[in-house]
>>> print(open('my_file-v5.pdb').read())   # PDB, C-alpha atoms
ATOM      1  CA  MET D   1      23.372 -31.350 -56.079  1.00  0.00           C
ATOM      2  CA  THR D   2      24.759 -28.129 -54.821  1.00  0.00           C
ATOM      3  CA  ASP D   3      22.889 -25.407 -53.008  1.00  0.00           C
ATOM      4  CA  LYS D   4      23.163 -22.024 -54.517  1.00  0.00           C
ATOM      5  CA  PRO D   5      24.051 -19.287 -52.072  1.00  0.00           C
ATOM      6  CA  LYS D   6      21.043 -17.136 -51.150  1.00  0.00           C
ATOM      7  CA  THR D   7      21.165 -13.606 -52.337  1.00  0.00           C
ATOM      8  CA  GLY D   8      19.076 -10.481 -51.641  1.00  0.00           C
ATOM      9  CA  TRP D   9      15.484 -11.308 -50.885  1.00  0.00           C
ATOM     10  CA  GLU D  10      16.072 -14.991 -50.383  1.00  0.00           C
ATOM     11  CA  LYS D  11      18.254 -14.325 -47.302  1.00  0.00           C
ATOM     12  CA  TYR D  12      15.384 -12.709 -45.421  1.00  0.00           C
ATOM     13  CA  GLN D  13      12.437 -14.687 -46.761  1.00  0.00           C
ATOM     14  CA  HIS D  14      12.187 -17.179 -43.863  1.00  0.00           C
ATOM     15  CA  GLY D  15      12.490 -14.514 -41.123  1.00  0.00           C
ATOM     16  CA  LEU D  16      10.048 -12.219 -42.908  1.00  0.00           C
ATOM     17  CA  SER D  17       7.446 -14.962 -43.231  1.00  0.00           C
ATOM     18  CA  ILE D  18       7.717 -15.679 -39.476  1.00  0.00           C
ATOM     19  CA  PHE D  19       7.393 -11.943 -38.714  1.00  0.00           C
ATOM     20  CA  THR D  20       4.363 -11.641 -41.019  1.00  0.00           C
ATOM     21  CA  THR D  21       2.714 -14.638 -39.354  1.00  0.00           C
ATOM     22  CA  LEU D  22       3.255 -13.179 -35.879  1.00  0.00           C
ATOM     23  CA  VAL D  23       1.856  -9.791 -36.925  1.00  0.00           C
ATOM     24  CA  GLY D  24      -1.180 -11.535 -38.441  1.00  0.00           C
ATOM     25  CA  ILE D  25      -1.822 -13.522 -35.238  1.00  0.00           C
ATOM     26  CA  ALA D  26      -1.450 -10.349 -33.129  1.00  0.00           C
ATOM     27  CA  GLY D  27      -3.913  -8.562 -35.443  1.00  0.00           C
ATOM     28  CA  ILE D  28      -6.449 -11.385 -35.100  1.00  0.00           C
ATOM     29  CA  ILE D  29      -6.108 -11.355 -31.305  1.00  0.00           C
ATOM     30  CA  TYR D  30      -6.508  -7.548 -31.225  1.00  0.00           C
ATOM     31  CA  ALA D  31      -9.582  -7.692 -33.481  1.00  0.00           C
ATOM     32  CA  PHE D  32     -11.146 -10.439 -31.329  1.00  0.00           C
ATOM     33  CA  THR D  33     -10.587  -8.570 -28.041  1.00  0.00           C
ATOM     34  CA  THR D  34     -11.916  -5.339 -29.588  1.00  0.00           C
ATOM     35  CA  PHE D  35     -15.052  -7.198 -30.709  1.00  0.00           C
ATOM     36  CA  ILE D  36     -15.542  -8.702 -27.229  1.00  0.00           C
ATOM     37  CA  ASP D  37     -15.070  -5.266 -25.611  1.00  0.00           C
ATOM     38  CA  TYR D  38     -17.646  -3.792 -27.999  1.00  0.00           C
ATOM     39  CA  ARG D  39     -20.165  -6.551 -27.188  1.00  0.00           C
ATOM     40  CA  ILE D  40     -19.689  -6.077 -23.430  1.00  0.00           C
ATOM     41  CA  LYS D  41     -20.046  -2.298 -23.753  1.00  0.00           C
ATOM     42  CA  THR D  42     -23.299  -2.590 -25.726  1.00  0.00           C
ATOM     43  CA  VAL D  43     -24.774  -5.050 -23.222  1.00  0.00           C
ATOM     44  CA  VAL D  44     -23.768  -3.006 -20.166  1.00  0.00           C
ATOM     45  CA  GLN D  45     -25.154   0.210 -21.689  1.00  0.00           C
ATOM     46  CA  ASP D  46     -28.487  -1.440 -22.463  1.00  0.00           C
ATOM     47  CA  GLU D  47     -31.095   0.154 -20.186  1.00  0.00           C
ATOM     48  CA  ASN D  48     -33.135  -3.043 -19.752  1.00  0.00           C
ATOM     49  CA  TYR D  49     -30.045  -4.981 -18.687  1.00  0.00           C
ATOM     50  CA  VAL D  50     -29.068  -2.330 -16.122  1.00  0.00           C
ATOM     51  CA  ARG D  51     -32.623  -2.300 -14.717  1.00  0.00           C
ATOM     52  CA  ARG D  52     -32.619  -6.096 -14.367  1.00  0.00           C
ATOM     53  CA  ILE D  53     -29.275  -6.080 -12.575  1.00  0.00           C
ATOM     54  CA  ALA D  54     -30.334  -3.245 -10.246  1.00  0.00           C
ATOM     55  CA  ALA D  55     -33.565  -5.050  -9.383  1.00  0.00           C
ATOM     56  CA  GLU D  56     -31.634  -8.208  -8.517  1.00  0.00           C
ATOM     57  CA  VAL D  57     -28.783  -6.596  -6.606  1.00  0.00           C
ATOM     58  CA  ARG D  58     -30.640  -3.923  -4.620  1.00  0.00           C
ATOM     59  CA  PRO D  59     -34.416  -4.071  -5.116  1.00  0.00           C
ATOM     60  CA  SER D  60     -36.208  -0.923  -4.001  1.00  0.00           C
ATOM     61  CA  VAL D  61     -39.515   0.886  -4.215  1.00  0.00           C
ATOM     62  CA  ILE D  62     -40.235   4.620  -4.107  1.00  0.00           C
ATOM     63  CA  PHE D  63     -43.546   5.687  -2.583  1.00  0.00           C
ATOM     64  CA  ASN D  64     -45.051   8.898  -1.286  1.00  0.00           C
ATOM     65  CA  GLY D  65     -46.494   9.830   2.097  1.00  0.00           C
ATOM     66  CA  ASN D  66     -49.953   8.812   0.923  1.00  0.00           C
ATOM     67  CA  GLY D  67     -48.804   5.220   0.342  1.00  0.00           C
ATOM     68  CA  VAL D  68     -48.875   5.464  -3.469  1.00  0.00           C
ATOM     69  CA  ILE D  69     -46.163   3.423  -5.174  1.00  0.00           C
ATOM     70  CA  LEU D  70     -44.359   5.755  -7.585  1.00  0.00           C
ATOM     71  CA  VAL D  71     -41.517   3.531  -8.816  1.00  0.00           C
ATOM     72  CA  ASP D  72     -41.023  -0.200  -8.349  1.00  0.00           C
ATOM     73  CA  GLN D  73     -37.429  -1.261  -8.905  1.00  0.00           C
ATOM     74  CA  GLY D  74     -37.949  -4.912  -8.034  1.00  0.00           C
ATOM     75  CA  ALA D  75     -38.925  -4.645  -4.346  1.00  0.00           C
ATOM     76  CA  MET D  76     -42.655  -5.289  -4.701  1.00  0.00           C
ATOM     77  CA  ARG D  77     -42.013  -8.943  -5.486  1.00  0.00           C
ATOM     78  CA  TYR D  78     -40.814  -9.192  -1.859  1.00  0.00           C
ATOM     79  CA  LEU D  79     -43.610  -7.063  -0.332  1.00  0.00           C
ATOM     80  CA  ASN D  80     -47.340  -7.524   0.177  1.00  0.00           C
ATOM     81  CA  ALA D  81     -48.006  -3.896   1.032  1.00  0.00           C
ATOM     82  CA  VAL D  82     -46.642  -0.559   2.170  1.00  0.00           C
ATOM     83  CA  LYS D  83     -49.295   1.204   4.267  1.00  0.00           C
ATOM     84  CA  ILE D  84     -49.401   4.569   6.002  1.00  0.00           C
ATOM     85  CA  LEU D  85     -50.835   3.917   9.475  1.00  0.00           C
ATOM     86  CA  ASP D  86     -51.204   7.512  10.705  1.00  0.00           C
ATOM     87  CA  TYR D  87     -49.827  11.037  10.257  1.00  0.00           C
ATOM     88  CA  GLN D  88     -47.871  13.397  12.519  1.00  0.00           C
ATOM     89  CA  PRO D  89     -50.388  14.542  15.178  1.00  0.00           C
ATOM     90  CA  GLU D  90     -48.610  17.805  16.004  1.00  0.00           C
ATOM     91  CA  GLN D  91     -48.170  18.781  12.331  1.00  0.00           C
ATOM     92  CA  PRO D  92     -51.009  17.279  10.278  1.00  0.00           C
ATOM     93  CA  TRP D  93     -50.612  19.978   7.634  1.00  0.00           C
ATOM     94  CA  THR D  94     -47.200  18.604   6.593  1.00  0.00           C
ATOM     95  CA  ASN D  95     -48.599  15.315   5.196  1.00  0.00           C
ATOM     96  CA  VAL D  96     -45.635  13.539   6.841  1.00  0.00           C
ATOM     97  CA  PRO D  97     -46.598  10.046   8.011  1.00  0.00           C
ATOM     98  CA  LEU D  98     -45.983   9.137  11.638  1.00  0.00           C
ATOM     99  CA  ARG D  99     -45.922   5.370  11.140  1.00  0.00           C
ATOM    100  CA  ILE D 100     -45.467   3.241   8.015  1.00  0.00           C
ATOM    101  CA  LEU D 101     -46.235  -0.486   7.941  1.00  0.00           C
ATOM    102  CA  VAL D 102     -44.181  -2.683   5.605  1.00  0.00           C
ATOM    103  CA  SER D 103     -45.563  -6.202   5.094  1.00  0.00           C
ATOM    104  CA  PRO D 104     -43.128  -8.574   3.353  1.00  0.00           C
ATOM    105  CA  LYS D 105     -44.273 -11.759   1.601  1.00  0.00           C
ATOM    106  CA  GLN D 106     -41.602 -13.806   3.354  1.00  0.00           C
ATOM    107  CA  PHE D 107     -39.358 -13.517   6.374  1.00  0.00           C
ATOM    108  CA  LEU D 108     -36.646 -10.870   5.945  1.00  0.00           C
ATOM    109  CA  SER D 109     -33.597 -11.218   8.176  1.00  0.00           C
ATOM    110  CA  PHE D 110     -32.898  -7.490   8.000  1.00  0.00           C
ATOM    111  CA  ALA D 111     -35.355  -4.637   8.097  1.00  0.00           C
ATOM    112  CA  PRO D 112     -35.659  -2.903   4.732  1.00  0.00           C
ATOM    113  CA  LEU D 113     -33.790   0.394   4.599  1.00  0.00           C
ATOM    114  CA  LEU D 114     -36.191   3.363   4.580  1.00  0.00           C
ATOM    115  CA  THR D 115     -34.663   6.561   3.222  1.00  0.00           C
ATOM    116  CA  PRO D 116     -36.603   9.836   3.089  1.00  0.00           C
ATOM    117  CA  LEU D 117     -36.159  11.654  -0.219  1.00  0.00           C
ATOM    118  CA  ASP D 118     -37.529  15.014   0.994  1.00  0.00           C
ATOM    119  CA  PRO D 119     -36.001  17.491   3.455  1.00  0.00           C
ATOM    120  CA  THR D 120     -39.221  17.614   5.517  1.00  0.00           C
ATOM    121  CA  VAL D 121     -38.458  14.176   6.962  1.00  0.00           C
ATOM    122  CA  SER D 122     -35.419  13.600   9.166  1.00  0.00           C
ATOM    123  CA  GLY D 123     -35.224   9.879   9.899  1.00  0.00           C
ATOM    124  CA  SER D 124     -36.996   6.828  11.214  1.00  0.00           C
ATOM    125  CA  ASP D 125     -36.924   4.061  13.804  1.00  0.00           C
ATOM    126  CA  VAL D 126     -37.950   0.544  12.898  1.00  0.00           C
ATOM    127  CA  GLU D 127     -39.340  -2.341  14.897  1.00  0.00           C
ATOM    128  CA  ARG D 128     -40.564  -5.795  13.941  1.00  0.00           C
ATOM    129  CA  THR D 129     -44.195  -6.123  15.020  1.00  0.00           C
ATOM    130  CA  ASN D 130     -44.741  -9.790  14.293  1.00  0.00           C
ATOM    131  CA  GLN D 131     -42.924 -12.509  12.432  1.00  0.00           C
ATOM    132  CA  PHE D 132     -42.906 -10.615   9.126  1.00  0.00           C
ATOM    133  CA  ASP D 133     -44.065  -6.993   9.446  1.00  0.00           C
ATOM    134  CA  PHE D 134     -42.006  -3.895  10.194  1.00  0.00           C
ATOM    135  CA  VAL D 135     -43.306  -0.558  11.492  1.00  0.00           C
ATOM    136  CA  TYR D 136     -41.273   2.582  10.854  1.00  0.00           C
ATOM    137  CA  THR D 137     -41.799   5.618  13.099  1.00  0.00           C
ATOM    138  CA  ILE D 138     -40.954   8.783  11.173  1.00  0.00           C
ATOM    139  CA  GLY D 139     -39.468  12.026  12.506  1.00  0.00           C
ATOM    140  CA  THR D 140     -39.923  15.454  10.969  1.00  0.00           C
ATOM    141  CA  GLY D 141     -37.145  17.728   9.809  1.00  0.00           C
ATOM    142  CA  MET D 142     -36.629  21.424  10.307  1.00  0.00           C
ATOM    143  CA  MET D 143     -37.093  22.440   6.683  1.00  0.00           C
ATOM    144  CA  SER D 144     -40.386  22.891   4.910  1.00  0.00           C
ATOM    145  CA  THR D 145     -40.943  23.827   1.286  1.00  0.00           C
ATOM    146  CA  TRP D 146     -44.698  24.193   1.676  1.00  0.00           C
ATOM    147  CA  VAL D 147     -46.240  27.624   1.154  1.00  0.00           C
ATOM    148  CA  PRO D 148     -49.928  28.119   2.119  1.00  0.00           C
ATOM    149  CA  PRO D 149     -52.641  28.063   0.765  1.00  0.00           C
ATOM    150  CA  ALA D 150     -51.567  25.289  -1.625  1.00  0.00           C
ATOM    151  CA  PRO D 151     -51.960  21.790  -0.157  1.00  0.00           C
ATOM    152  CA  PRO D 152     -48.627  20.407   1.073  1.00  0.00           C
ATOM    153  CA  PRO D 153     -46.989  17.764  -1.094  1.00  0.00           C
ATOM    154  CA  PHE D 154     -46.618  14.243   0.230  1.00  0.00           C
ATOM    155  CA  PRO D 155     -42.985  13.430   1.047  1.00  0.00           C
ATOM    156  CA  LYS D 156     -41.309  10.620  -0.887  1.00  0.00           C
ATOM    157  CA  PHE D 157     -39.492   7.609   0.534  1.00  0.00           C
ATOM    158  CA  ARG D 158     -37.227   4.886  -0.872  1.00  0.00           C
ATOM    159  CA  LEU D 159     -37.505   1.433   0.689  1.00  0.00           C
ATOM    160  CA  GLU D 160     -34.611  -0.909  -0.153  1.00  0.00           C
ATOM    161  CA  ILE D 161     -34.710  -4.639   0.487  1.00  0.00           C
ATOM    162  CA  LEU D 162     -31.461  -5.786   2.112  1.00  0.00           C
ATOM    163  CA  GLN D 163     -30.544  -9.378   1.351  1.00  0.00           C
TER     164      GLN D 163
END
>>> encode(input="my_file-v5.pdb", output="structure tokens")
Amino acid sequence: MTDKPKTGWEKYQHGLSIFTTLVGIAGIIYAFTTFIDYRIKTVVQDENYVRRIAAEVRPSVIFNGNGVILVDQGAMRYLNAVKILDYQPEQPWTNVPLRILVSPKQFLSFAPLLTPLDPTVSGSDVERTNQFDFVYTIGTGMMSTWVPPAPPPFPKFRLEILQ
């Protein structure tokens, strides 16, 4: 039996089939990675997922100077209460609290981070009063957006649990 010499198409058939197979495998890999990227993007852009992650990573609560909880971003599961103890004696018309009591449900190694969200409040000092509770002493800022005779708004604060 003698082999006929390959002519034209037959010369390149083996190499072309290998090339076609490699292109097909590359296409399948590209399609798979594109699908995975799409799935990750849809999960990460899901608002409920982002809220869950934020509550786990950096739980916080936003409250006003009257002690009303405005937004709970996962911190209230660590806290019993956030109470306003008293207001600034020299400026009672500002509605800026003088002392805020934070009562956690369990021992926290670090004091929660209290951040004022209004320009009427400048900063705070914190001290641990007993095994669990923290008391923040608030300072007042130089700016005021209050115009009489309307009642002054209560300033807002963010309290972040540091873990």
>>> resolve_selection(input="my_file-v5.pdb", expression="the PyMOL selection byres ((chain D and resi 154-160) around 7)", output="ChimeraX atom specification")
/D:58-66,95-96,112-118,152-153,161-162
>>> write_last_selection(input="my_file-v5.pdb", atoms="C-alpha atoms", output="PDB file, in the coordinates of the input")
ATOM      1  CA  ARG D  58     -30.640  -3.923  -4.620  1.00  0.00           C
ATOM      2  CA  PRO D  59     -34.416  -4.071  -5.116  1.00  0.00           C
ATOM      3  CA  SER D  60     -36.208  -0.923  -4.001  1.00  0.00           C
ATOM      4  CA  VAL D  61     -39.515   0.886  -4.215  1.00  0.00           C
ATOM      5  CA  ILE D  62     -40.235   4.620  -4.107  1.00  0.00           C
ATOM      6  CA  PHE D  63     -43.546   5.687  -2.583  1.00  0.00           C
ATOM      7  CA  ASN D  64     -45.051   8.898  -1.286  1.00  0.00           C
ATOM      8  CA  GLY D  65     -46.494   9.830   2.097  1.00  0.00           C
ATOM      9  CA  ASN D  66     -49.953   8.812   0.923  1.00  0.00           C
ATOM     10  CA  ASN D  95     -48.599  15.315   5.196  1.00  0.00           C
ATOM     11  CA  VAL D  96     -45.635  13.539   6.841  1.00  0.00           C
ATOM     12  CA  PRO D 112     -35.659  -2.903   4.732  1.00  0.00           C
ATOM     13  CA  LEU D 113     -33.790   0.394   4.599  1.00  0.00           C
ATOM     14  CA  LEU D 114     -36.191   3.363   4.580  1.00  0.00           C
ATOM     15  CA  THR D 115     -34.663   6.561   3.222  1.00  0.00           C
ATOM     16  CA  PRO D 116     -36.603   9.836   3.089  1.00  0.00           C
ATOM     17  CA  LEU D 117     -36.159  11.654  -0.219  1.00  0.00           C
ATOM     18  CA  ASP D 118     -37.529  15.014   0.994  1.00  0.00           C
ATOM     19  CA  PRO D 152     -48.627  20.407   1.073  1.00  0.00           C
ATOM     20  CA  PRO D 153     -46.989  17.764  -1.094  1.00  0.00           C
ATOM     21  CA  ILE D 161     -34.710  -4.639   0.487  1.00  0.00           C
ATOM     22  CA  LEU D 162     -31.461  -5.786   2.112  1.00  0.00           C
TER      23      LEU D 162
END
>>> atom_distance(input="my_file-v5.pdb", atom1="CA of Ser103 (chain D)", atom2="CA of Ile138 (chain D)")
16.8 Å
>>> residues_near_point(input="my_file-v5.pdb", point="(-48.2, -1.2, 7.2)", cutoff="7 Å", atoms="only C-alpha atoms", output="VMD selection string")
chain D and resid 81 to 85 100 to 103 135
>>> write_last_selection(input="my_file-v5.pdb", atoms="C-alpha atoms", output="PDB file, in the coordinates of the input")
ATOM      1  CA  ALA D  81     -48.006  -3.896   1.032  1.00  0.00           C
ATOM      2  CA  VAL D  82     -46.642  -0.559   2.170  1.00  0.00           C
ATOM      3  CA  LYS D  83     -49.295   1.204   4.267  1.00  0.00           C
ATOM      4  CA  ILE D  84     -49.401   4.569   6.002  1.00  0.00           C
ATOM      5  CA  LEU D  85     -50.835   3.917   9.475  1.00  0.00           C
ATOM      6  CA  ILE D 100     -45.467   3.241   8.015  1.00  0.00           C
ATOM      7  CA  LEU D 101     -46.235  -0.486   7.941  1.00  0.00           C
ATOM      8  CA  VAL D 102     -44.181  -2.683   5.605  1.00  0.00           C
ATOM      9  CA  SER D 103     -45.563  -6.202   5.094  1.00  0.00           C
ATOM     10  CA  VAL D 135     -43.306  -0.558  11.492  1.00  0.00           C
TER      11      VAL D 135
END
>>> residues_near_point(input="my_file-v5.pdb", point="(-39.8, -7.9, 11.9)", cutoff="9 Å", atoms="all atoms listed in the file", output="list in words")
Phe107, Leu108, Ser109, Phe110, Ala111, Val126, Glu127, Arg128, Thr129, Asn130, Gln131, Phe132, Asp133, Phe134 and Val135 of chain D
>>> atom_distance(input="my_file-v5.pdb", atom1="CA of Pro104 (chain D)", atom2="CA of Asp72 (chain D)")
14.5 Å
>>> resolve_selection(input="my_file-v5.pdb", expression="the PyMOL selection byres ((chain D and resi 99) around 6)", output="VMD selection string")
chain D and resid 85 to 86 97 to 98 100 136 to 137
>>> atom_distance(input="my_file-v5.pdb", atom1="CA of Tyr87 (chain D)", atom2="CA of Ser124 (chain D)")
13.5 Å
>>> residues_around(input="my_file-v5.pdb", residues="region 40-57 of chain D", least_positions_apart="4", cutoff="7 Å", atoms="all atoms listed in the file", output="tab-separated table (two decimals) with C-alpha atoms, in the coordinates of the input")
chain	number	residue	atom	x	y	z
D	36	ILE	CA	-15.54	-8.70	-27.23
D	73	GLN	CA	-37.43	-1.26	-8.90
D	74	GLY	CA	-37.95	-4.91	-8.03
>>> axis_aligned_box(input="my_file-v5.pdb", around="region 42-53 of chain D", padding_each_side="4 Å", output="lines of an AutoDock Vina configuration file")
center_x = -28.2
center_y = -2.9
center_z = -19.2
size_x = 17.8
size_y = 14.3
size_z = 21.2
>>> decode(input="my_file-v5.pdb", residues="region 100-128 of chain D", atoms="N, CA and C atoms", output="PDB file, in the first residue's frame")
ATOM      1  N   ILE D 100     -23.030  62.396  76.237  1.00  0.00           N
ATOM      2  CA  ILE D 100     -23.792  61.306  75.623  1.00  0.00           C
ATOM      3  C   ILE D 100     -23.317  60.004  76.240  1.00  0.00           C
ATOM      4  N   LEU D 101     -24.265  59.182  76.697  1.00  0.00           N
ATOM      5  CA  LEU D 101     -23.953  57.883  77.279  1.00  0.00           C
ATOM      6  C   LEU D 101     -24.207  56.800  76.235  1.00  0.00           C
ATOM      7  N   VAL D 102     -23.216  55.959  76.014  1.00  0.00           N
ATOM      8  CA  VAL D 102     -23.329  54.820  75.104  1.00  0.00           C
ATOM      9  C   VAL D 102     -23.200  53.556  75.936  1.00  0.00           C
ATOM     10  N   SER D 103     -24.242  52.728  75.926  1.00  0.00           N
ATOM     11  CA  SER D 103     -24.265  51.494  76.721  1.00  0.00           C
ATOM     12  C   SER D 103     -24.212  50.277  75.797  1.00  0.00           C
ATOM     13  N   PRO D 104     -23.054  49.640  75.668  1.00  0.00           N
ATOM     14  CA  PRO D 104     -22.968  48.442  74.825  1.00  0.00           C
ATOM     15  C   PRO D 104     -23.546  47.210  75.527  1.00  0.00           C
ATOM     16  N   LYS D 105     -23.930  46.220  74.743  1.00  0.00           N
ATOM     17  CA  LYS D 105     -24.467  44.966  75.273  1.00  0.00           C
ATOM     18  C   LYS D 105     -23.356  44.075  75.815  1.00  0.00           C
ATOM     19  N   GLN D 106     -22.162  44.246  75.290  1.00  0.00           N
ATOM     20  CA  GLN D 106     -21.027  43.429  75.720  1.00  0.00           C
ATOM     21  C   GLN D 106     -19.803  44.320  75.835  1.00  0.00           C
ATOM     22  N   PHE D 107     -18.753  43.780  76.390  1.00  0.00           N
ATOM     23  CA  PHE D 107     -17.524  44.552  76.559  1.00  0.00           C
ATOM     24  C   PHE D 107     -16.936  44.888  75.186  1.00  0.00           C
ATOM     25  N   LEU D 108     -16.602  46.163  74.989  1.00  0.00           N
ATOM     26  CA  LEU D 108     -15.929  46.610  73.771  1.00  0.00           C
ATOM     27  C   LEU D 108     -14.508  47.037  74.149  1.00  0.00           C
ATOM     28  N   SER D 109     -13.532  46.462  73.484  1.00  0.00           N
ATOM     29  CA  SER D 109     -12.140  46.786  73.776  1.00  0.00           C
ATOM     30  C   SER D 109     -11.821  48.237  73.466  1.00  0.00           C
ATOM     31  N   PHE D 110     -12.421  48.757  72.399  1.00  0.00           N
ATOM     32  CA  PHE D 110     -12.178  50.129  71.975  1.00  0.00           C
ATOM     33  C   PHE D 110     -13.465  50.916  72.079  1.00  0.00           C
ATOM     34  N   ALA D 111     -13.321  52.176  72.445  1.00  0.00           N
ATOM     35  CA  ALA D 111     -14.495  53.050  72.502  1.00  0.00           C
ATOM     36  C   ALA D 111     -15.027  53.253  71.094  1.00  0.00           C
ATOM     37  N   PRO D 112     -16.342  53.211  70.921  1.00  0.00           N
ATOM     38  CA  PRO D 112     -16.897  53.504  69.595  1.00  0.00           C
ATOM     39  C   PRO D 112     -16.492  54.910  69.154  1.00  0.00           C
ATOM     40  N   LEU D 113     -16.336  55.078  67.859  1.00  0.00           N
ATOM     41  CA  LEU D 113     -15.904  56.351  67.294  1.00  0.00           C
ATOM     42  C   LEU D 113     -17.118  57.247  67.075  1.00  0.00           C
ATOM     43  N   LEU D 114     -17.160  58.378  67.794  1.00  0.00           N
ATOM     44  CA  LEU D 114     -18.260  59.333  67.663  1.00  0.00           C
ATOM     45  C   LEU D 114     -17.816  60.466  66.754  1.00  0.00           C
ATOM     46  N   THR D 115     -18.551  60.650  65.660  1.00  0.00           N
ATOM     47  CA  THR D 115     -18.229  61.687  64.685  1.00  0.00           C
ATOM     48  C   THR D 115     -19.415  62.631  64.554  1.00  0.00           C
ATOM     49  N   PRO D 116     -19.223  63.927  64.822  1.00  0.00           N
ATOM     50  CA  PRO D 116     -20.317  64.872  64.598  1.00  0.00           C
ATOM     51  C   PRO D 116     -20.520  65.096  63.102  1.00  0.00           C
ATOM     52  N   LEU D 117     -21.776  65.161  62.683  1.00  0.00           N
ATOM     53  CA  LEU D 117     -22.092  65.354  61.272  1.00  0.00           C
ATOM     54  C   LEU D 117     -22.540  66.781  60.980  1.00  0.00           C
ATOM     55  N   ASP D 118     -22.553  67.645  61.981  1.00  0.00           N
ATOM     56  CA  ASP D 118     -22.962  69.039  61.823  1.00  0.00           C
ATOM     57  C   ASP D 118     -21.820  69.960  62.215  1.00  0.00           C
ATOM     58  N   PRO D 119     -21.748  71.150  61.602  1.00  0.00           N
ATOM     59  CA  PRO D 119     -20.652  72.070  61.921  1.00  0.00           C
ATOM     60  C   PRO D 119     -20.788  72.742  63.284  1.00  0.00           C
ATOM     61  N   THR D 120     -21.926  72.573  63.971  1.00  0.00           N
ATOM     62  CA  THR D 120     -22.099  73.215  65.272  1.00  0.00           C
ATOM     63  C   THR D 120     -21.376  72.459  66.379  1.00  0.00           C
ATOM     64  N   VAL D 121     -20.862  71.289  66.075  1.00  0.00           N
ATOM     65  CA  VAL D 121     -20.192  70.454  67.068  1.00  0.00           C
ATOM     66  C   VAL D 121     -18.751  70.254  66.622  1.00  0.00           C
ATOM     67  N   SER D 122     -17.798  70.443  67.543  1.00  0.00           N
ATOM     68  CA  SER D 122     -16.395  70.409  67.138  1.00  0.00           C
ATOM     69  C   SER D 122     -15.687  69.098  67.445  1.00  0.00           C
ATOM     70  N   GLY D 123     -16.026  68.413  68.488  1.00  0.00           N
ATOM     71  CA  GLY D 123     -15.316  67.186  68.831  1.00  0.00           C
ATOM     72  C   GLY D 123     -15.790  66.648  70.154  1.00  0.00           C
ATOM     73  N   SER D 124     -15.146  65.592  70.623  1.00  0.00           N
ATOM     74  CA  SER D 124     -15.589  64.977  71.869  1.00  0.00           C
ATOM     75  C   SER D 124     -14.426  64.279  72.564  1.00  0.00           C
ATOM     76  N   ASP D 125     -14.577  64.126  73.873  1.00  0.00           N
ATOM     77  CA  ASP D 125     -13.679  63.310  74.685  1.00  0.00           C
ATOM     78  C   ASP D 125     -14.484  62.133  75.195  1.00  0.00           C
ATOM     79  N   VAL D 126     -13.842  61.001  75.352  1.00  0.00           N
ATOM     80  CA  VAL D 126     -14.553  59.812  75.803  1.00  0.00           C
ATOM     81  C   VAL D 126     -13.864  59.226  77.025  1.00  0.00           C
ATOM     82  N   GLU D 127     -14.686  58.693  77.923  1.00  0.00           N
ATOM     83  CA  GLU D 127     -14.147  57.963  79.069  1.00  0.00           C
ATOM     84  C   GLU D 127     -15.070  56.792  79.379  1.00  0.00           C
ATOM     85  N   ARG D 128     -14.450  55.708  79.845  1.00  0.00           N
ATOM     86  CA  ARG D 128     -15.219  54.525  80.243  1.00  0.00           C
ATOM     87  C   ARG D 128     -15.675  54.754  81.677  1.00  0.00           C
TER      88      ARG D 128
END
